[in-house]
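Printed here is my_file_19.pdb (PDB, C-alpha atoms and all ligand atoms):
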ATOM      1  CA  MET A   1      23.237 -73.978  88.151
ATOM      2  CA  ALA A   2      23.231 -71.052  85.746
ATOM      3  CA  ILE A   3      25.691 -68.201  85.844
ATOM      4  CA  LYS A   4      24.498 -65.016  87.496
ATOM      5  CA  ALA A   5      25.552 -62.274  85.078
ATOM      6  CA  ILE A   6      26.697 -58.759  85.885
ATOM      7  CA  GLU A   7      23.937 -56.149  85.523
ATOM      8  CA  ALA A   8      26.176 -53.108  86.024
ATOM      9  CA  VAL A   9      29.577 -52.034  87.346
ATOM     10  CA  TYR A  10      29.800 -48.720  89.222
ATOM     11  CA  PRO A  11      33.022 -46.803  89.781
ATOM     12  CA  PRO A  12      32.975 -44.792  93.022
ATOM     13  CA  GLY A  13      31.269 -41.419  92.560
ATOM     14  CA  PRO A  14      32.298 -38.199  94.273
ATOM     15  CA  ALA A  15      33.065 -38.593  97.992
ATOM     16  CA  HIS A  16      31.236 -36.659 100.700
ATOM     17  CA  PHE A  17      31.725 -36.406 104.445
ATOM     18  CA  VAL A  18      29.264 -37.841 106.975
ATOM     19  CA  GLY A  19      29.953 -35.658 110.008
ATOM     20  CA  ASP A  20      33.644 -34.790 109.897
ATOM     21  CA  GLY A  21      34.967 -38.330 110.259
ATOM     22  CA  PHE A  22      33.549 -40.492 107.504
ATOM     23  CA  ARG A  23      34.545 -39.784 103.924
ATOM     24  CA  VAL A  24      32.243 -41.980 101.864
ATOM     25  CA  HIS A  25      31.049 -42.822  98.396
ATOM     26  CA  ASN A  26      27.342 -43.623  98.445
ATOM     27  CA  PHE A  27      26.208 -46.469  96.169
ATOM     28  CA  ILE A  28      22.769 -47.440  97.590
ATOM     29  CA  PRO A  29      20.325 -45.670  97.179
ATOM     30  CA  SER A  30      21.702 -42.650  95.310
ATOM     31  CA  ARG A  31      23.271 -44.247  92.237
ATOM     32  CA  HIS A  32      21.116 -44.825  89.165
ATOM     33  CA  GLY A  33      19.767 -48.388  89.299
ATOM     34  CA  LEU A  34      20.592 -48.887  93.010
ATOM     35  CA  ASP A  35      17.484 -47.501  94.685
ATOM     36  CA  MET A  36      15.970 -49.066  97.824
ATOM     37  CA  HIS A  37      13.342 -51.086  95.950
ATOM     38  CA  ARG A  38      15.904 -52.554  93.574
ATOM     39  CA  MET A  39      18.376 -53.410  96.346
ATOM     40  CA  THR A  40      16.057 -54.445  99.207
ATOM     41  CA  PRO A  41      16.814 -55.555 101.927
ATOM     42  CA  PHE A  42      19.945 -53.418 101.446
ATOM     43  CA  ILE A  43      18.612 -49.867 101.587
ATOM     44  CA  MET A  44      21.792 -47.830 102.075
ATOM     45  CA  MET A  45      25.463 -48.423 101.454
ATOM     46  CA  ASP A  46      28.156 -45.882 102.149
ATOM     47  CA  TYR A  47      31.613 -47.065 101.202
ATOM     48  CA  GLY A  48      34.594 -45.241 102.681
ATOM     49  CA  ALA A  49      37.462 -45.943 100.293
ATOM     50  CA  LYS A  50      40.913 -46.013 101.919
ATOM     51  CA  PHE A  51      41.707 -42.483 103.050
ATOM     52  CA  HIS A  52      44.520 -41.167 105.205
ATOM     53  CA  PHE A  53      43.552 -39.098 108.248
ATOM     54  CA  PRO A  54      46.354 -37.026 109.834
ATOM     55  CA  PRO A  55      46.766 -37.073 113.638
ATOM     56  CA  SER A  56      44.002 -35.152 115.410
ATOM     57  CA  ASP A  57      43.374 -34.087 118.992
ATOM     58  CA  SER A  58      39.633 -33.800 118.406
ATOM     59  CA  LEU A  59      37.588 -36.941 117.743
ATOM     60  CA  LYS A  60      36.184 -36.897 114.228
ATOM     61  CA  GLY A  61      32.864 -38.538 113.558
ATOM     62  CA  VAL A  62      29.113 -38.148 113.734
ATOM     63  CA  GLY A  63      27.319 -36.817 116.817
ATOM     64  CA  VAL A  64      24.176 -38.152 118.440
ATOM     65  CA  HIS A  65      21.440 -39.021 115.933
ATOM     66  CA  PRO A  66      18.442 -41.384 115.847
ATOM     67  CA  HIS A  67      17.528 -44.415 113.721
ATOM     68  CA  ARG A  68      14.280 -46.392 113.458
ATOM     69  CA  GLY A  69      13.020 -49.237 111.314
ATOM     70  CA  PHE A  70      16.185 -51.016 110.146
ATOM     71  CA  GLU A  71      19.658 -52.268 111.109
ATOM     72  CA  THR A  72      22.993 -50.531 110.632
ATOM     73  CA  VAL A  73      25.977 -52.729 109.852
ATOM     74  CA  THR A  74      29.455 -51.235 110.120
ATOM     75  CA  ILE A  75      32.447 -53.117 108.750
ATOM     76  CA  ALA A  76      35.885 -51.676 109.506
ATOM     77  CA  TYR A  77      38.696 -52.517 107.085
ATOM     78  CA  LYS A  78      41.277 -49.945 108.213
ATOM     79  CA  GLY A  79      41.274 -47.781 111.317
ATOM     80  CA  ARG A  80      38.995 -48.039 114.344
ATOM     81  CA  VAL A  81      35.521 -46.685 115.110
ATOM     82  CA  ALA A  82      34.116 -46.099 118.588
ATOM     83  CA  HIS A  83      30.368 -46.328 119.005
ATOM     84  CA  HIS A  84      27.781 -45.706 121.729
ATOM     85  CA  ASP A  85      24.010 -46.017 121.683
ATOM     86  CA  SER A  86      21.095 -45.164 123.949
ATOM     87  CA  ALA A  87      20.251 -48.854 124.457
ATOM     88  CA  GLY A  88      23.538 -49.258 126.337
ATOM     89  CA  GLY A  89      25.414 -50.779 123.405
ATOM     90  CA  GLY A  90      28.846 -49.572 122.491
ATOM     91  CA  GLY A  91      32.402 -50.534 121.824
ATOM     92  CA  ILE A  92      35.253 -50.303 119.418
ATOM     93  CA  ILE A  93      35.090 -51.682 115.910
ATOM     94  CA  GLY A  94      38.631 -52.586 114.898
ATOM     95  CA  GLU A  95      40.058 -53.810 111.615
ATOM     96  CA  GLY A  96      38.049 -56.784 110.371
ATOM     97  CA  ASP A  97      35.356 -56.373 113.038
ATOM     98  CA  VAL A  98      31.671 -55.891 112.326
ATOM     99  CA  GLN A  99      29.054 -54.078 114.346
ATOM    100  CA  TRP A 100      25.476 -55.102 113.687
ATOM    101  CA  MET A 101      23.086 -52.685 115.368
ATOM    102  CA  THR A 102      19.367 -53.337 115.227
ATOM    103  CA  ALA A 103      17.814 -49.907 115.611
ATOM    104  CA  ALA A 104      14.291 -51.322 115.192
ATOM    105  CA  SER A 105      11.897 -49.239 117.380
ATOM    106  CA  GLY A 106      14.579 -46.630 117.864
ATOM    107  CA  VAL A 107      17.985 -45.767 119.224
ATOM    108  CA  LEU A 108      20.179 -42.737 119.456
ATOM    109  CA  HIS A 109      23.812 -43.335 118.660
ATOM    110  CA  LYS A 110      27.070 -41.636 117.856
ATOM    111  CA  GLU A 111      30.020 -42.872 115.840
ATOM    112  CA  TYR A 112      33.570 -41.557 116.150
ATOM    113  CA  HIS A 113      37.141 -42.392 115.282
ATOM    114  CA  GLU A 114      38.528 -44.318 118.251
ATOM    115  CA  GLU A 115      40.722 -42.126 120.457
ATOM    116  CA  SER A 116      44.153 -43.709 119.975
ATOM    117  CA  PHE A 117      43.582 -44.014 116.219
ATOM    118  CA  SER A 118      42.595 -40.360 116.175
ATOM    119  CA  LYS A 119      45.797 -39.347 117.966
ATOM    120  CA  THR A 120      48.136 -41.251 115.668
ATOM    121  CA  GLY A 121      46.085 -40.871 112.487
ATOM    122  CA  GLY A 122      46.314 -43.424 109.709
ATOM    123  CA  ASP A 123      44.465 -45.135 106.923
ATOM    124  CA  PHE A 124      40.728 -45.424 107.362
ATOM    125  CA  GLN A 125      38.450 -47.647 105.291
ATOM    126  CA  MET A 126      34.970 -48.844 106.130
ATOM    127  CA  VAL A 127      31.485 -49.761 104.952
ATOM    128  CA  GLN A 128      28.200 -48.766 106.488
ATOM    129  CA  LEU A 129      25.246 -50.753 105.300
ATOM    130  CA  TRP A 130      21.590 -50.385 106.275
ATOM    131  CA  VAL A 131      19.543 -53.591 106.215
ATOM    132  CA  ASN A 132      15.791 -53.084 106.189
ATOM    133  CA  LEU A 133      13.475 -54.816 108.640
ATOM    134  CA  PRO A 134      10.124 -56.340 107.655
ATOM    135  CA  ALA A 135       7.069 -54.415 108.926
ATOM    136  CA  LYS A 136       6.430 -56.942 111.710
ATOM    137  CA  ASP A 137       9.907 -56.330 113.203
ATOM    138  CA  LYS A 138      10.334 -52.586 112.701
ATOM    139  CA  MET A 139       9.079 -51.774 116.214
ATOM    140  CA  SER A 140      10.849 -54.647 117.979
ATOM    141  CA  ALA A 141      13.397 -53.950 120.724
ATOM    142  CA  PRO A 142      16.785 -52.547 119.687
ATOM    143  CA  LYS A 143      19.770 -54.868 119.992
ATOM    144  CA  TYR A 144      23.437 -54.867 119.286
ATOM    145  CA  GLN A 145      25.810 -57.553 117.990
ATOM    146  CA  ALA A 146      29.501 -56.797 118.419
ATOM    147  CA  ILE A 147      31.222 -59.221 116.081
ATOM    148  CA  GLU A 148      34.966 -59.392 116.582
ATOM    149  CA  ASN A 149      36.984 -60.653 113.651
ATOM    150  CA  ALA A 150      38.311 -63.631 115.621
ATOM    151  CA  SER A 151      34.729 -64.865 116.114
ATOM    152  CA  ILE A 152      33.768 -64.721 112.414
ATOM    153  CA  PRO A 153      33.797 -68.207 110.814
ATOM    154  CA  LYS A 154      36.440 -68.488 108.074
ATOM    155  CA  VAL A 155      35.935 -71.060 105.327
ATOM    156  CA  PRO A 156      39.076 -72.002 103.404
ATOM    157  CA  VAL A 157      38.946 -71.837  99.620
ATOM    158  CA  GLU A 158      41.881 -72.482  97.294
ATOM    159  CA  ASN A 159      44.463 -69.742  97.998
ATOM    160  CA  GLY A 160      42.200 -67.826 100.287
ATOM    161  CA  TYR A 161      39.300 -67.882 102.720
ATOM    162  CA  VAL A 162      35.805 -66.532 103.092
ATOM    163  CA  GLU A 163      34.611 -64.838 106.281
ATOM    164  CA  VAL A 164      30.944 -65.607 106.849
ATOM    165  CA  ILE A 165      29.599 -62.542 108.635
ATOM    166  CA  ALA A 166      25.970 -63.535 108.064
ATOM    167  CA  GLY A 167      24.097 -66.223 106.164
ATOM    168  CA  GLU A 168      25.813 -69.373 104.996
ATOM    169  CA  PHE A 169      28.743 -70.325 102.778
ATOM    170  CA  GLN A 170      29.477 -73.967 101.904
ATOM    171  CA  GLY A 171      27.538 -75.196 104.912
ATOM    172  CA  THR A 172      29.144 -72.824 107.412
ATOM    173  CA  LYS A 173      26.737 -70.445 109.099
ATOM    174  CA  GLY A 174      27.626 -66.816 109.745
ATOM    175  CA  LYS A 175      28.035 -65.129 113.075
ATOM    176  CA  ALA A 176      25.302 -62.464 112.884
ATOM    177  CA  SER A 177      21.640 -63.221 113.406
ATOM    178  CA  THR A 178      19.371 -61.550 110.868
ATOM    179  CA  PHE A 179      15.610 -60.997 110.632
ATOM    180  CA  THR A 180      15.337 -62.013 106.960
ATOM    181  CA  PRO A 181      17.731 -64.147 104.893
ATOM    182  CA  VAL A 182      20.950 -62.183 104.293
ATOM    183  CA  HIS A 183      24.349 -63.465 103.166
ATOM    184  CA  LEU A 184      27.268 -61.179 103.952
ATOM    185  CA  PHE A 185      30.833 -62.355 103.276
ATOM    186  CA  ASN A 186      34.339 -60.960 103.102
ATOM    187  CA  ALA A 187      36.335 -63.014 100.607
ATOM    188  CA  HIS A 188      40.123 -62.831 100.999
ATOM    189  CA  LEU A 189      41.793 -64.164  97.853
ATOM    190  CA  GLN A 190      45.442 -64.306  96.897
ATOM    191  CA  SER A 191      46.422 -63.425  93.355
ATOM    192  CA  GLY A 192      45.251 -66.213  91.059
ATOM    193  CA  ALA A 193      42.733 -67.635  93.538
ATOM    194  CA  LYS A 194      39.314 -68.622  92.269
ATOM    195  CA  ALA A 195      36.116 -68.957  94.264
ATOM    196  CA  GLU A 196      32.485 -69.673  93.460
ATOM    197  CA  PHE A 197      29.402 -68.294  95.194
ATOM    198  CA  SER A 198      25.768 -69.315  94.704
ATOM    199  CA  PHE A 199      22.665 -67.445  95.790
ATOM    200  CA  PRO A 200      18.975 -67.847  94.931
ATOM    201  CA  ALA A 201      18.208 -66.033  91.654
ATOM    202  CA  ALA A 202      15.611 -63.763  93.282
ATOM    203  CA  TYR A 203      17.981 -62.478  95.977
ATOM    204  CA  ASN A 204      19.417 -59.015  95.353
ATOM    205  CA  THR A 205      23.140 -59.531  95.001
ATOM    206  CA  CYS A 206      26.098 -57.189  94.751
ATOM    207  CA  LEU A 207      29.737 -56.887  95.717
ATOM    208  CA  ILE A 208      32.385 -54.289  96.266
ATOM    209  CA  VAL A 209      36.101 -54.736  95.623
ATOM    210  CA  VAL A 210      37.643 -53.475  98.866
ATOM    211  CA  GLU A 211      41.193 -54.355  97.892
ATOM    212  CA  GLY A 212      42.847 -55.651  94.723
ATOM    213  CA  GLU A 213      41.265 -56.444  91.379
ATOM    214  CA  ILE A 214      39.029 -59.285  90.210
ATOM    215  CA  ARG A 215      37.663 -61.035  87.164
ATOM    216  CA  ILE A 216      34.001 -62.064  87.318
ATOM    217  CA  ASN A 217      32.507 -64.963  85.326
ATOM    218  CA  ASP A 218      35.603 -65.169  83.069
ATOM    219  CA  ALA A 219      34.909 -61.742  81.562
ATOM    220  CA  ASP A 220      37.686 -59.951  79.690
ATOM    221  CA  GLU A 221      37.157 -56.775  81.654
ATOM    222  CA  LEU A 222      38.548 -56.647  85.199
ATOM    223  CA  VAL A 223      36.842 -54.967  88.165
ATOM    224  CA  PRO A 224      39.275 -52.699  90.026
ATOM    225  CA  VAL A 225      39.378 -51.640  93.657
ATOM    226  CA  ASP A 226      36.523 -49.485  95.050
ATOM    227  CA  HIS A 227      34.135 -50.584  92.291
ATOM    228  CA  PHE A 228      30.636 -51.878  93.012
ATOM    229  CA  VAL A 229      29.091 -54.701  90.987
ATOM    230  CA  LEU A 230      25.346 -55.348  90.724
ATOM    231  CA  PHE A 231      24.186 -58.793  89.570
ATOM    232  CA  GLU A 232      21.077 -59.769  87.627
ATOM    233  CA  ASN A 233      18.157 -61.530  89.294
ATOM    234  CA  GLU A 234      18.669 -64.505  87.037
ATOM    235  CA  GLY A 235      21.052 -67.397  87.501
ATOM    236  CA  GLU A 236      22.686 -68.365  90.772
ATOM    237  CA  THR A 237      26.418 -68.817  90.437
ATOM    238  CA  ILE A 238      29.172 -66.222  90.417
ATOM    239  CA  HIS A 239      32.787 -67.065  89.574
ATOM    240  CA  ILE A 240      35.420 -64.778  91.022
ATOM    241  CA  GLU A 241      39.097 -64.853  90.154
ATOM    242  CA  ALA A 242      41.502 -62.550  91.962
ATOM    243  CA  THR A 243      43.989 -61.030  89.540
ATOM    244  CA  GLU A 244      45.735 -59.368  92.494
ATOM    245  CA  HIS A 245      45.660 -60.054  96.225
ATOM    246  CA  SER A 246      42.030 -59.072  96.867
ATOM    247  CA  LYS A 247      39.403 -58.505  99.503
ATOM    248  CA  ILE A 248      35.782 -58.526  98.349
ATOM    249  CA  LEU A 249      32.605 -57.747 100.280
ATOM    250  CA  ILE A 250      29.764 -59.870  98.902
ATOM    251  CA  LEU A 251      26.088 -59.237  99.736
ATOM    252  CA  SER A 252      22.977 -61.194  98.814
ATOM    253  CA  GLY A 253      19.575 -60.869 100.429
ATOM    254  CA  GLU A 254      15.988 -61.962 100.026
ATOM    255  CA  PRO A 255      13.944 -58.940  98.945
ATOM    256  CA  ILE A 256      11.475 -57.557 101.499
ATOM    257  CA  ARG A 257       8.556 -56.786  99.208
ATOM    258  CA  GLU A 258       6.789 -54.135 101.278
ATOM    259  CA  PRO A 259       6.196 -50.412 100.763
ATOM    260  CA  ILE A 260       9.125 -48.205 101.803
ATOM    261  CA  ALA A 261       8.703 -44.761 103.348
ATOM    262  CA  SER A 262      12.041 -43.187 104.101
ATOM    263  CA  HIS A 263      13.158 -39.875 105.492
ATOM    264  CA  GLY A 264      16.693 -39.247 106.762
ATOM    265  CA  PRO A 265      17.448 -41.661 109.610
ATOM    266  CA  PHE A 266      14.011 -43.346 109.580
ATOM    267  CA  VAL A 267      12.873 -46.068 107.185
ATOM    268  CA  MET A 268       9.312 -47.285 107.694
ATOM    269  CA  ASN A 269       6.435 -48.569 105.532
ATOM    270  CA  THR A 270       4.143 -45.530 105.493
ATOM    271  CA  ARG A 271       4.412 -41.757 105.673
ATOM    272  CA  GLN A 272       2.275 -41.849 108.796
ATOM    273  CA  GLU A 273       4.919 -44.000 110.510
ATOM    274  CA  ILE A 274       7.640 -41.535 109.483
ATOM    275  CA  MET A 275       5.641 -38.679 111.050
ATOM    276  CA  GLN A 276       5.263 -40.803 114.186
ATOM    277  CA  ALA A 277       9.044 -41.405 114.268
ATOM    278  CA  PHE A 278       9.721 -37.648 114.196
ATOM    279  CA  HIS A 279       7.063 -37.127 116.878
ATOM    280  CA  ASP A 280       8.529 -39.856 119.124
ATOM    281  CA  PHE A 281      12.060 -38.563 118.604
ATOM    282  CA  GLU A 282      11.046 -35.036 119.564
ATOM    283  CA  ALA A 283       9.164 -36.412 122.583
ATOM    284  CA  GLY A 284      12.369 -38.075 123.820
ATOM    285  CA  LYS A 285      11.136 -41.641 123.276
ATOM    286  CA  PHE A 286      14.460 -42.744 121.754
ATOM    287  CA  GLY A 287      16.146 -42.520 125.137
ATOM    288  CA  THR A 288      19.103 -40.335 126.043
ATOM    289  CA  LEU A 289      22.738 -40.235 125.077
ATOM    290  CA  ASN A 290      25.281 -37.576 125.904
TER     291      ASN A 290
HETATM  292 MN    MN A 301      24.014 -43.739 112.384
END

Represent the structure of the file as structure tokens.
Amino acid sequence: MAIKAIEAVYPPGPAHFVGDGFRVHNFIPSRHGLDMHRMTPFIMMDYGAKFHFPPSDSLKGVGVHPHRGFETVTIAYKGRVAHHDSAGGGGIIGEGDVQWMTAASGVLHKEYHEESFSKTGGDFQMVQLWVNLPAKDKMSAPKYQAIENASIPKVPVENGYVEVIAGEFQGTKGKASTFTPVHLFNAHLQSGAKAEFSFPAAYNTCLIVVEGEIRINDADELVPVDHFVLFENEGETIHIEATEHSKILILSGEPIREPIASHGPFVMNTRQEIMQAFHDFEAGKFGTLN
């Protein structure tokens, strides 16, 4: 199989706060070359680089807000997030856990620093990813997958292991169910470890170095922590060598080739459907959440 070459490497841009609890660097869709059509099915990625929060008596986070038409995937690397939604889902996302929320026809939810983490403060690092749904599933029932780290399959590689959150790696299937083909892995590699990943050429593929520093496809230039790498839609195989103890989030998904109409927390196929989402939200059809 041919090598899948790097298309671009993005250092983190300026950080902004989502609510008062999530300090993030947006990569998808705001960075040049990472718009929704290029990155489909991945239509939004906020990366919260490691950031120290001091102790706080108030819970920092984002208050009640709606979503329709896609899934939100939250991966906690440091710190803990508490979450509640109007479909009755909720829980605590701890270090290494993943929350896969299918908003689909619509939910209200809120996301906060978990109470005991808030009180003690500490390092916080997370990713929030939005995965689009195909038109036929956008109005399906909401659901919620709480994926604790202990339940995520871990595939050993030389001097490391790969957590298969979704999709498949070396014959091991991931924990999350998805509507379209999506591979989502956390690779944990010790310094000097090498691993190889293969995805169909047409899949949109990217990674983010969450910890450490890596070499990709034997290049001279290294990719440092907090950097995002976009791959070309040619070739299949990616070689990764950790030049430090590293953690890497790897994403590859089959493009959903449908029109995208997006406004704030709603991502649909047409403008008409966006108007309907606002109408339904205002009419209270997303349920209730205090
Ligand atoms: Mn949200």

request  = Apply the PyMOL selection byres (((chain A and resi 15) around 8) and not hetatm) to the file shown and report the selected residues as a list of chain:residue names.
outcome  =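 Checking the PyMOL selection byres (((chain A and resi 15) around 8) and not hetatm) against this file, the residues are A:Pro12, A:Gly13, A:Pro14, A:His16, A:Phe17, A:Arg23, A:Val24, A:His25, A:Asn26.
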
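Nearest residue to ligand MN 301 (chain A) among A:Ile208, A:Met268, A:Val9, A:Met101 is A:Met101, counting all atoms listed in the file.
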
Closest of A:His239, A:Lys4, A:Lys110, A:Arg31 to A:Gly61 - atom-to-atom distances counting all atoms listed in the file = A:Lys110

inquiry  = Just want the residues within 9 Å of ligand MN 301 (chain A), written as a PyMOL selection string, counting all atoms listed in the file.
reply    = chain A and resi 62-67+72+108-111+128+265

Please write the residues from the selection above to a file, keeping C-alpha atoms, as a compact mmCIF listing (two decimals), in the frame of the given file.
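File written: part-v3.txt
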# COMPACT_ATOMS: atom_id res chain seq x y z
CA VAL A 62 29.11 -38.15 113.73
CA GLY A 63 27.32 -36.82 116.82
CA VAL A 64 24.18 -38.15 118.44
CA HIS A 65 21.44 -39.02 115.93
CA PRO A 66 18.44 -41.38 115.85
CA HIS A 67 17.53 -44.42 113.72
CA THR A 72 22.99 -50.53 110.63
CA LEU A 108 20.18 -42.74 119.46
CA HIS A 109 23.81 -43.34 118.66
CA LYS A 110 27.07 -41.64 117.86
CA GLU A 111 30.02 -42.87 115.84
CA GLN A 128 28.20 -48.77 106.49
CA PRO A 265 17.45 -41.66 109.61

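Of the residues listed (A:Ile92, A:Ala104, A:Val162, A:Ile274), A:Val162 shows the shortest atom-to-atom separation from A:Ala193; distances use only C-alpha atoms.
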
request  = Could you pull out every residue with an atom within 9 Å of (42.3, -64.5, 98.4), file coordinates, counting all atoms listed in the file, and send them as a PyMOL selection string?
outcome  = chain A and resi 157-162+187-195+241-242+244-248
